[in-house]
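Q: Can you keep this structure in mind? I'll have questions shortly.
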Amino acid sequence: MYVVVDCPRCRGLFIKKLEWRSGTCPYCGCRVRLRPGAYRAFKSLGEARAFMVRMRGR
Ligand SMILES: [Zn+2]
């Protein structure tokens, strides 16, 4: 599983593998905890990337 995480500090989107319950934002270095509702999970990296592209396109 892959998750698209929405950083609460800089609103940056990044992709992580759903192995760890927290991650570090690659843009601002903020530690982001993966809470239910704070991320979107996808089965494949391709789906996660497609979702991220859609989010950025808005
Ligand atoms: Zn950030």
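Each chain in the structure tokens gets a letter, A, B and so on, in the order shown; residues start at 1 in every chain, and ligands are counted from 1 in the order they appear.
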Got a sec to check which residues lie within 12 Å of ligand 1, using only C-alpha atoms and all ligand atoms, and send them as an NGL selection string?

A: :A and (5-14 or 23-33)

Q: Could you take the residues named above and write them with C-alpha atoms, as a PDB file, in the first residue's frame?

A:
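Printed below is selection-v4.pdb as written:
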```pdb
ATOM      1  CA  VAL A   5       0.105  12.446   2.560  1.00  0.00           C
ATOM      2  CA  ASP A   6      -0.995  16.064   2.810  1.00  0.00           C
ATOM      3  CA  CYS A   7       1.549  17.947   4.903  1.00  0.00           C
ATOM      4  CA  PRO A   8      -0.291  20.058   7.520  1.00  0.00           C
ATOM      5  CA  ARG A   9       2.401  22.722   7.558  1.00  0.00           C
ATOM      6  CA  CYS A  10       3.246  23.447   3.926  1.00  0.00           C
ATOM      7  CA  ARG A  11       0.311  21.642   2.248  1.00  0.00           C
ATOM      8  CA  GLY A  12       2.767  19.698   0.131  1.00  0.00           C
ATOM      9  CA  LEU A  13       1.754  16.298  -1.137  1.00  0.00           C
ATOM     10  CA  PHE A  14       4.103  13.363  -1.038  1.00  0.00           C
ATOM     11  CA  GLY A  23       6.867  10.317   7.869  1.00  0.00           C
ATOM     12  CA  THR A  24       8.914  13.404   7.209  1.00  0.00           C
ATOM     13  CA  CYS A  25       7.764  15.924   4.664  1.00  0.00           C
ATOM     14  CA  PRO A  26      10.395  16.208   1.909  1.00  0.00           C
ATOM     15  CA  TYR A  27       9.573  19.898   1.387  1.00  0.00           C
ATOM     16  CA  CYS A  28       9.644  21.431   4.873  1.00  0.00           C
ATOM     17  CA  GLY A  29      11.004  18.622   7.071  1.00  0.00           C
ATOM     18  CA  CYS A  30       7.871  18.559   9.227  1.00  0.00           C
ATOM     19  CA  ARG A  31       7.150  15.230  10.901  1.00  0.00           C
ATOM     20  CA  VAL A  32       3.709  14.107   9.768  1.00  0.00           C
ATOM     21  CA  ARG A  33       1.753  11.452  11.608  1.00  0.00           C
TER      22      ARG A  33
END
```

Q: Taking the DSSP assignment computed from this structure's backbone, write out as a ChimeraX atom specification all residues of chain A that belong to strand (DSSP E).

A: /A:2-6,13-17,22-24,31-33,39-42

Q: Just the selected residues (N, CA and C atoms), exported as a JSON list (two decimals), in the first residue's frame, please.

A:
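File produced: result-v1.json:
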```json
[["chain", "number", "residue", "atom", "x", "y", "z"],
["A", 2, "TYR", "N", 0.38, 2.22, -0.74],
["A", 2, "TYR", "CA", 1.06, 3.51, -0.77],
["A", 2, "TYR", "C", 0.07, 4.57, -0.30],
["A", 3, "VAL", "N", 0.58, 5.59, 0.35],
["A", 3, "VAL", "CA", -0.30, 6.65, 0.81],
["A", 3, "VAL", "C", 0.17, 7.98, 0.26],
["A", 4, "VAL", "N", -0.81, 8.83, -0.07],
["A", 4, "VAL", "CA", -0.51, 10.21, -0.44],
["A", 4, "VAL", "C", -0.80, 11.05, 0.80],
["A", 5, "VAL", "N", 0.22, 11.70, 1.31],
["A", 5, "VAL", "CA", 0.11, 12.45, 2.56],
["A", 5, "VAL", "C", 0.05, 13.94, 2.25],
["A", 6, "ASP", "N", -0.84, 14.62, 2.95],
["A", 6, "ASP", "CA", -0.99, 16.06, 2.81],
["A", 6, "ASP", "C", -0.33, 16.72, 4.01],
["A", 13, "LEU", "N", 2.18, 17.68, -1.02],
["A", 13, "LEU", "CA", 1.75, 16.30, -1.14],
["A", 13, "LEU", "C", 2.96, 15.41, -1.43],
["A", 14, "PHE", "N", 3.03, 14.30, -0.73],
["A", 14, "PHE", "CA", 4.10, 13.36, -1.04],
["A", 14, "PHE", "C", 3.63, 11.94, -0.83],
["A", 15, "ILE", "N", 4.33, 11.03, -1.49],
["A", 15, "ILE", "CA", 3.94, 9.62, -1.47],
["A", 15, "ILE", "C", 4.86, 8.85, -0.52],
["A", 16, "LYS", "N", 4.23, 7.99, 0.25],
["A", 16, "LYS", "CA", 4.97, 7.13, 1.17],
["A", 16, "LYS", "C", 4.44, 5.72, 1.07],
["A", 17, "LYS", "N", 5.31, 4.76, 1.39],
["A", 17, "LYS", "CA", 4.82, 3.41, 1.58],
["A", 17, "LYS", "C", 4.15, 3.33, 2.95],
["A", 22, "SER", "N", 4.47, 7.24, 10.65],
["A", 22, "SER", "CA", 4.78, 8.65, 10.52],
["A", 22, "SER", "C", 5.80, 8.83, 9.41],
["A", 23, "GLY", "N", 5.90, 10.04, 8.92],
["A", 23, "GLY", "CA", 6.87, 10.32, 7.87],
["A", 23, "GLY", "C", 7.34, 11.74, 7.98],
["A", 24, "THR", "N", 8.38, 12.05, 7.21],
["A", 24, "THR", "CA", 8.91, 13.40, 7.21],
["A", 24, "THR", "C", 8.63, 14.03, 5.86],
["A", 31, "ARG", "N", 7.53, 16.61, 10.66],
["A", 31, "ARG", "CA", 7.15, 15.23, 10.90],
["A", 31, "ARG", "C", 5.63, 15.12, 10.84],
["A", 32, "VAL", "N", 5.14, 14.24, 9.98],
["A", 32, "VAL", "CA", 3.71, 14.11, 9.77],
["A", 32, "VAL", "C", 3.27, 12.74, 10.26],
["A", 33, "ARG", "N", 2.29, 12.73, 11.15],
["A", 33, "ARG", "CA", 1.75, 11.45, 11.61],
["A", 33, "ARG", "C", 0.61, 11.03, 10.69],
["A", 39, "TYR", "N", -4.67, 11.02, 5.15],
["A", 39, "TYR", "CA", -3.97, 10.53, 3.98],
["A", 39, "TYR", "C", -4.92, 9.70, 3.13],
["A", 40, "ARG", "N", -4.51, 9.44, 1.91],
["A", 40, "ARG", "CA", -5.28, 8.56, 1.02],
["A", 40, "ARG", "C", -4.40, 7.37, 0.68],
["A", 41, "ALA", "N", -4.96, 6.19, 0.76],
["A", 41, "ALA", "CA", -4.18, 4.98, 0.52],
["A", 41, "ALA", "C", -4.50, 4.41, -0.86],
["A", 42, "PHE", "N", -3.48, 3.87, -1.51],
["A", 42, "PHE", "CA", -3.63, 3.28, -2.83],
["A", 42, "PHE", "C", -2.87, 1.96, -2.89]]
```

Q: Can you check which residues of chain A DSSP gives as alpha helix (DSSP H) on the backbone and send them as a list in words?

A: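 After running DSSP on the backbone, chain A has alpha helix (DSSP H) at Leu45, Gly46, Glu47, Ala48, Arg49, Ala50, Phe51, Met52, Val53, Arg54, Met55, Arg56 and Gly57 of chain A.
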
Q: Output C-alpha atoms for every residue in that selection, as an mmCIF file, in the first residue's frame.

A:
```cif
data_model
loop_
_atom_site.group_PDB
_atom_site.id
_atom_site.type_symbol
_atom_site.label_atom_id
_atom_site.label_comp_id
_atom_site.auth_asym_id
_atom_site.auth_seq_id
_atom_site.Cartn_x
_atom_site.Cartn_y
_atom_site.Cartn_z
ATOM 1 C CA LEU A 45 2.424 3.583 -6.763
ATOM 2 C CA GLY A 46 0.880 4.417 -10.141
ATOM 3 C CA GLU A 47 -2.539 5.107 -8.607
ATOM 4 C CA ALA A 48 -0.973 7.240 -5.892
ATOM 5 C CA ARG A 49 0.935 9.265 -8.488
ATOM 6 C CA ALA A 50 -2.205 9.756 -10.593
ATOM 7 C CA PHE A 51 -4.076 11.026 -7.539
ATOM 8 C CA MET A 52 -1.275 13.431 -6.692
ATOM 9 C CA VAL A 53 -1.294 14.818 -10.236
ATOM 10 C CA ARG A 54 -5.060 15.397 -9.996
ATOM 11 C CA MET A 55 -4.694 17.172 -6.651
ATOM 12 C CA ARG A 56 -1.975 19.442 -7.996
ATOM 13 C CA GLY A 57 -4.000 20.206 -11.107
#
```
